[in-house]
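Coordinates as given in structure.cif (mmCIF, C-alpha atoms):
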data_coords
#
loop_
_atom_site.group_PDB
_atom_site.id
_atom_site.type_symbol
_atom_site.label_atom_id
_atom_site.label_comp_id
_atom_site.auth_asym_id
_atom_site.auth_seq_id
_atom_site.Cartn_x
_atom_site.Cartn_y
_atom_site.Cartn_z
ATOM 1 C CA MET Z 10 9.179 -20.043 -30.996
ATOM 2 C CA THR Z 11 8.740 -18.305 -27.640
ATOM 3 C CA ALA Z 12 11.880 -17.110 -25.901
ATOM 4 C CA THR Z 13 12.440 -18.377 -22.372
ATOM 5 C CA PRO Z 14 12.306 -15.498 -19.899
ATOM 6 C CA PRO Z 15 15.502 -14.881 -17.930
ATOM 7 C CA PRO Z 16 15.596 -16.604 -14.549
ATOM 8 C CA ARG Z 17 14.328 -14.600 -11.617
ATOM 9 C CA ILE Z 18 17.198 -13.296 -9.460
ATOM 10 C CA SER Z 19 15.141 -12.329 -6.390
ATOM 11 C CA ARG Z 20 11.801 -12.916 -4.708
ATOM 12 C CA PHE Z 21 11.649 -9.144 -4.154
ATOM 13 C CA PRO Z 22 11.400 -6.312 -6.686
ATOM 14 C CA VAL Z 23 14.665 -5.582 -8.485
ATOM 15 C CA PRO Z 24 14.988 -1.887 -9.357
ATOM 16 C CA GLU Z 25 16.149 -0.694 -12.747
ATOM 17 C CA ILE Z 26 19.670 0.730 -12.586
ATOM 18 C CA GLY Z 27 18.504 4.004 -14.133
ATOM 19 C CA GLN Z 28 15.973 4.485 -11.317
ATOM 20 C CA LEU Z 29 18.501 4.144 -8.475
ATOM 21 C CA PRO Z 30 19.984 6.994 -6.414
ATOM 22 C CA ASP Z 31 23.078 8.441 -8.092
ATOM 23 C CA ASP Z 32 25.633 7.016 -5.623
ATOM 24 C CA ILE Z 33 24.262 3.475 -5.919
ATOM 25 C CA ARG Z 34 23.935 3.654 -9.697
ATOM 26 C CA GLU Z 35 27.540 4.924 -9.970
ATOM 27 C CA ARG Z 36 28.822 2.103 -7.758
ATOM 28 C CA ILE Z 37 26.968 -0.545 -9.762
ATOM 29 C CA LEU Z 38 28.194 0.868 -13.072
ATOM 30 C CA ALA Z 39 31.780 0.946 -11.740
ATOM 31 C CA VAL Z 40 31.491 -2.734 -10.780
ATOM 32 C CA GLN Z 41 30.081 -3.521 -14.211
ATOM 33 C CA GLU Z 42 33.011 -1.697 -15.820
ATOM 34 C CA ARG Z 43 35.572 -3.739 -13.828
ATOM 35 C CA ALA Z 44 33.849 -7.129 -13.921
ATOM 36 C CA GLY Z 45 32.121 -6.962 -17.287
ATOM 37 C CA PHE Z 46 28.742 -7.717 -15.671
ATOM 38 C CA VAL Z 47 26.671 -6.641 -12.671
ATOM 39 C CA PRO Z 48 26.738 -9.216 -9.868
ATOM 40 C CA ASN Z 49 23.162 -9.918 -8.864
ATOM 41 C CA VAL Z 50 23.848 -9.068 -5.215
ATOM 42 C CA PHE Z 51 24.096 -5.396 -6.193
ATOM 43 C CA LEU Z 52 20.765 -5.451 -8.008
ATOM 44 C CA VAL Z 53 18.927 -7.432 -5.338
ATOM 45 C CA LEU Z 54 20.151 -5.366 -2.388
ATOM 46 C CA ALA Z 55 19.445 -2.095 -4.229
ATOM 47 C CA HIS Z 56 15.793 -2.814 -3.375
ATOM 48 C CA ARG Z 57 16.549 -0.968 -0.117
ATOM 49 C CA PRO Z 58 19.052 1.822 -0.813
ATOM 50 C CA ASP Z 59 19.936 2.701 2.796
ATOM 51 C CA GLU Z 60 20.603 -0.937 3.633
ATOM 52 C CA PHE Z 61 22.573 -1.341 0.381
ATOM 53 C CA ARG Z 62 24.871 1.508 1.456
ATOM 54 C CA ALA Z 63 25.360 0.092 4.954
ATOM 55 C CA PHE Z 64 25.941 -3.433 3.662
ATOM 56 C CA PHE Z 65 28.590 -2.449 1.150
ATOM 57 C CA ALA Z 66 30.292 0.000 3.514
ATOM 58 C CA TYR Z 67 30.798 -2.819 6.026
ATOM 59 C CA HIS Z 68 31.730 -5.256 3.255
ATOM 60 C CA ASP Z 69 34.430 -2.899 2.010
ATOM 61 C CA ALA Z 70 35.720 -2.212 5.537
ATOM 62 C CA LEU Z 71 36.202 -5.947 6.095
ATOM 63 C CA MET Z 72 37.287 -7.198 2.706
ATOM 64 C CA ASP Z 73 39.419 -4.369 1.278
ATOM 65 C CA LYS Z 74 41.551 -3.411 4.274
ATOM 66 C CA PRO Z 75 45.256 -4.070 4.636
ATOM 67 C CA GLY Z 76 46.346 -6.489 7.311
ATOM 68 C CA ASN Z 77 47.679 -9.908 8.141
ATOM 69 C CA LEU Z 78 44.965 -11.641 6.096
ATOM 70 C CA SER Z 79 45.431 -11.665 2.350
ATOM 71 C CA LYS Z 80 42.478 -10.901 0.114
ATOM 72 C CA ALA Z 81 42.475 -14.562 -0.953
ATOM 73 C CA GLU Z 82 42.354 -15.675 2.701
ATOM 74 C CA ARG Z 83 39.417 -13.358 3.325
ATOM 75 C CA GLU Z 84 37.633 -15.018 0.406
ATOM 76 C CA MET Z 85 38.474 -18.468 1.829
ATOM 77 C CA ILE Z 86 36.592 -17.483 4.982
ATOM 78 C CA VAL Z 87 33.589 -16.408 2.913
ATOM 79 C CA VAL Z 88 33.542 -19.599 0.850
ATOM 80 C CA ALA Z 89 33.948 -22.006 3.782
ATOM 81 C CA THR Z 90 31.368 -20.329 6.026
ATOM 82 C CA SER Z 91 28.938 -19.761 3.155
ATOM 83 C CA ASN Z 92 29.046 -23.475 2.439
ATOM 84 C CA ALA Z 93 28.241 -24.180 6.112
ATOM 85 C CA ASN Z 94 25.285 -21.782 5.774
ATOM 86 C CA GLN Z 95 24.208 -23.435 2.505
ATOM 87 C CA CYS Z 96 24.374 -20.197 0.564
ATOM 88 C CA HIS Z 97 24.488 -21.066 -3.118
ATOM 89 C CA TYR Z 98 25.018 -17.457 -4.233
ATOM 90 C CA CYS Z 99 27.973 -16.714 -1.956
ATOM 91 C CA VAL Z 100 29.752 -20.033 -2.534
ATOM 92 C CA ILE Z 101 29.565 -19.518 -6.307
ATOM 93 C CA ALA Z 102 30.291 -15.772 -6.383
ATOM 94 C CA HIS Z 103 33.045 -15.736 -3.761
ATOM 95 C CA GLY Z 104 34.419 -19.011 -5.044
ATOM 96 C CA ALA Z 105 35.008 -17.206 -8.336
ATOM 97 C CA ILE Z 106 36.692 -14.310 -6.559
ATOM 98 C CA LEU Z 107 38.844 -16.770 -4.570
ATOM 99 C CA ARG Z 108 39.956 -18.512 -7.769
ATOM 100 C CA VAL Z 109 41.005 -15.159 -9.209
ATOM 101 C CA ARG Z 110 42.709 -13.832 -6.065
ATOM 102 C CA ALA Z 111 44.509 -17.096 -5.246
ATOM 103 C CA LYS Z 112 45.346 -17.686 -8.918
ATOM 104 C CA ASN Z 113 44.312 -21.283 -8.311
ATOM 105 C CA PRO Z 114 41.356 -22.815 -10.182
ATOM 106 C CA LEU Z 115 41.011 -25.745 -7.729
ATOM 107 C CA LEU Z 116 41.272 -24.043 -4.357
ATOM 108 C CA ALA Z 117 37.778 -22.557 -4.195
ATOM 109 C CA ASP Z 118 36.132 -25.898 -4.957
ATOM 110 C CA GLN Z 119 38.272 -27.614 -2.331
ATOM 111 C CA VAL Z 120 37.474 -24.999 0.316
ATOM 112 C CA ALA Z 121 33.776 -25.036 -0.574
ATOM 113 C CA ILE Z 122 33.458 -28.801 -0.289
ATOM 114 C CA ASN Z 123 35.698 -29.471 2.730
ATOM 115 C CA TYR Z 124 38.382 -26.983 3.688
ATOM 116 C CA ARG Z 125 39.901 -29.572 6.059
ATOM 117 C CA LYS Z 126 41.035 -31.565 3.005
ATOM 118 C CA ALA Z 127 41.936 -28.575 0.839
ATOM 119 C CA ASP Z 128 45.461 -27.788 -0.287
ATOM 120 C CA ILE Z 129 45.929 -25.005 2.263
ATOM 121 C CA SER Z 130 48.570 -24.273 4.861
ATOM 122 C CA PRO Z 131 48.207 -25.209 8.553
ATOM 123 C CA ARG Z 132 47.901 -21.454 9.206
ATOM 124 C CA GLN Z 133 44.962 -21.176 6.815
ATOM 125 C CA LYS Z 134 43.324 -24.275 8.304
ATOM 126 C CA ALA Z 135 43.552 -22.707 11.782
ATOM 127 C CA MET Z 136 42.039 -19.509 10.348
ATOM 128 C CA LEU Z 137 39.144 -21.428 8.798
ATOM 129 C CA ASP Z 138 38.612 -23.525 11.942
ATOM 130 C CA PHE Z 139 38.195 -20.278 13.884
ATOM 131 C CA ALA Z 140 35.945 -18.765 11.198
ATOM 132 C CA MET Z 141 33.725 -21.837 11.198
ATOM 133 C CA LYS Z 142 33.449 -21.769 14.974
ATOM 134 C CA ALA Z 143 32.564 -18.065 14.837
ATOM 135 C CA SER Z 144 29.981 -18.855 12.160
ATOM 136 C CA THR Z 145 28.320 -21.891 13.722
ATOM 137 C CA GLN Z 146 29.270 -21.960 17.420
ATOM 138 C CA ALA Z 147 30.303 -18.454 18.438
ATOM 139 C CA HIS Z 148 28.993 -19.099 21.948
ATOM 140 C CA ALA Z 149 31.706 -21.767 22.397
ATOM 141 C CA ILE Z 150 34.717 -19.606 21.468
ATOM 142 C CA ASP Z 151 37.191 -19.512 24.330
ATOM 143 C CA ASP Z 152 40.741 -18.447 25.107
ATOM 144 C CA GLU Z 153 42.174 -21.662 23.641
ATOM 145 C CA ASP Z 154 40.750 -20.692 20.234
ATOM 146 C CA PHE Z 155 42.693 -17.426 20.420
ATOM 147 C CA ALA Z 156 45.825 -19.300 21.569
ATOM 148 C CA ILE Z 157 45.615 -21.595 18.532
ATOM 149 C CA LEU Z 158 45.392 -18.592 16.242
ATOM 150 C CA GLN Z 159 48.336 -16.960 17.993
ATOM 151 C CA ARG Z 160 50.466 -20.079 17.478
ATOM 152 C CA HIS Z 161 49.815 -19.662 13.748
ATOM 153 C CA GLY Z 162 50.854 -16.007 13.678
ATOM 154 C CA PHE Z 163 47.475 -14.320 14.117
ATOM 155 C CA ASP Z 164 46.944 -11.597 16.701
ATOM 156 C CA GLN Z 165 43.742 -10.381 18.370
ATOM 157 C CA GLU Z 166 42.995 -7.942 15.566
ATOM 158 C CA ASP Z 167 43.265 -10.800 13.067
ATOM 159 C CA ALA Z 168 40.867 -12.855 15.205
ATOM 160 C CA TRP Z 169 38.419 -9.944 15.084
ATOM 161 C CA ASP Z 170 38.747 -9.764 11.287
ATOM 162 C CA ILE Z 171 38.244 -13.518 10.858
ATOM 163 C CA ALA Z 172 35.167 -13.558 13.081
ATOM 164 C CA ALA Z 173 33.760 -10.330 11.623
ATOM 165 C CA ILE Z 174 34.011 -11.692 8.076
ATOM 166 C CA ALA Z 175 32.300 -14.919 9.153
ATOM 167 C CA ALA Z 176 29.577 -12.956 10.964
ATOM 168 C CA PHE Z 177 29.021 -10.448 8.171
ATOM 169 C CA PHE Z 178 28.698 -13.190 5.601
ATOM 170 C CA GLY Z 179 26.295 -15.004 7.915
ATOM 171 C CA LEU Z 180 24.039 -11.988 7.333
ATOM 172 C CA SER Z 181 24.803 -12.012 3.632
ATOM 173 C CA ASN Z 182 24.102 -15.759 3.376
ATOM 174 C CA ARG Z 183 20.777 -15.388 5.107
ATOM 175 C CA MET Z 184 19.703 -12.481 2.911
ATOM 176 C CA ALA Z 185 20.794 -14.308 -0.243
ATOM 177 C CA ASN Z 186 18.795 -17.366 0.806
ATOM 178 C CA LEU Z 187 15.783 -15.268 1.860
ATOM 179 C CA THR Z 188 15.674 -13.387 -1.428
ATOM 180 C CA GLY Z 189 16.355 -16.450 -3.571
ATOM 181 C CA MET Z 190 19.377 -14.630 -5.007
ATOM 182 C CA ARG Z 191 20.679 -16.401 -8.076
ATOM 183 C CA PRO Z 192 24.397 -16.409 -8.945
ATOM 184 C CA ASN Z 193 25.275 -14.827 -12.268
ATOM 185 C CA ASP Z 194 26.264 -17.371 -14.916
ATOM 186 C CA GLU Z 195 29.513 -15.415 -15.424
ATOM 187 C CA PHE Z 196 30.799 -16.471 -11.988
ATOM 188 C CA TYR Z 197 31.029 -20.133 -12.935
ATOM 189 C CA GLY Z 198 33.845 -19.641 -15.439
ATOM 190 C CA LEU Z 199 35.899 -16.960 -13.678
ATOM 191 C CA GLY Z 200 39.422 -17.986 -12.774
ATOM 192 C CA ARG Z 201 39.202 -21.428 -14.386
#

Output the file's structure in the form of structure tokens.
Amino acid sequence: MTATPPPRISRFPVPEIGQLPDDIRERILAVQERAGFVPNVFLVLAHRPDEFRAFFAYHDALMDKPGNLSKAEREMIVVATSNANQCHYCVIAHGAILRVRAKNPLLADQVAINYRKADISPRQKAMLDFAMKASTQAHAIDDEDFAILQRHGFDQEDAWDIAAIAAFFGLSNRMANLTGMRPNDEFYGLGR
């Protein structure tokens, strides 16, 4: 019987971990140590080391910083906007992270399908409304959008963070779709 080859994770060459520059290899191995597997985004983007470094530096600056947005709320933004951009990889991968960070196995699915009907607070709905507008209609953002956020306890710096996460993951969504990036099977069960 012939074994089925593993599914392709990218349309582009995927480097072997052992062949990567030391800093990238160390980062990937650290992620593997924490998660128990290597998320395919690390392997796919390692195709271009300088861009890998820039991508993850900006990712970390947006997603790991302290502030008025919780880590779960940051993931909500990723999941909702990634769904709008039809990014299979990011909805699955960040949906898993959202389930873990929110400690709620249903929330990520609700946000991915239709955040307007999800079990979230009015504050979080306002946050996601703004993120979606930044993601799909940034040209239409006006002062009233900022006023709505302010009424829900967000300041201008929070608005920047919300929009920057939506914009950054717009790039991520497009690259994931371009490369044909496949979500790791491990993501589907996380946090359930």

Closest pair table for stretch 60-88 of chain Z residues within 12 Å of stretch 42-55 of chain Z, only C-alpha atoms, as a tab-separated table:
residue	atom	partner	partner_atom	distance
Z:Glu60	CA	Z:Leu54	CA	7.5
Z:Phe61	CA	Z:Leu54	CA	5.5
Z:Arg62	CA	Z:Ala55	CA	8.6
Z:Ala63	CA	Z:Leu54	CA	10.5
Z:Phe64	CA	Z:Leu54	CA	8.6
Z:Phe65	CA	Z:Phe51	CA	9.1

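A straight line drawn from atom CA of Z:Val87 to atom CA of Z:His103 is 6.7 Å long.
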
>> Residues within 10 Å of Z:Ala168, please, as number ranges by chain. Count all atoms listed in the file; anything in the same chain fewer than 3 positions from it doesn't count.
In response: Z: 136, 139-140, 143, 154-155, 158-159, 163-165, 171-174

>> When you look at Z:Leu180 with a cut-off of 12 Å (counting all atoms listed in the file), what residues show up, excluding the ones that are within fewer than 2 positions of it in the same chain? I need them as a PyMOL selection string.
In response: chain Z and resi 64+67-68+87+90-91+94+96+99+144+173-178+182-187

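Near Z:Asn92, within a cut-off of 12 Å and counting only C-alpha atoms, sit the residues Met85, Ile86, Tyr98, Cys99, Val100, Ile101, Ala102, His103, Gly104, Ala117, Asp118, Gln119, Val120, Ala121, Ile122, Asn123, Tyr124, Met141, Ser144, Thr145, Ala175, Phe178, Gly179, Asn182 and Arg183 of chain Z, with same-chain residues fewer than 6 positions away left out.
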
> Which residues, written as a ChimeraX atom specification, have at least one atom at most 10 Å from stretch 198-201 of chain Z, with all atoms listed in the file counted and residues fewer than 5 positions away on the same chain left out?
Replying inline: /Z:102,104-115,117

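What separates atom CA of Z:His97 from atom CA of Z:Arg34 is a distance of 25.6 Å.
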
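Counting all atoms listed in the file, the residue from Z:Asp73, Z:Ala127, Z:Val88, Z:Ala135 that sits nearest to Z:Ser181 is Z:Val88.
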
> Within 9 Å of Z:Pro58, counting all atoms listed in the file, which residues qualify if same-chain residues fewer than 6 places away don't, as a list in words?
Replying inline: Leu29, Pro30 and Ile33 of chain Z
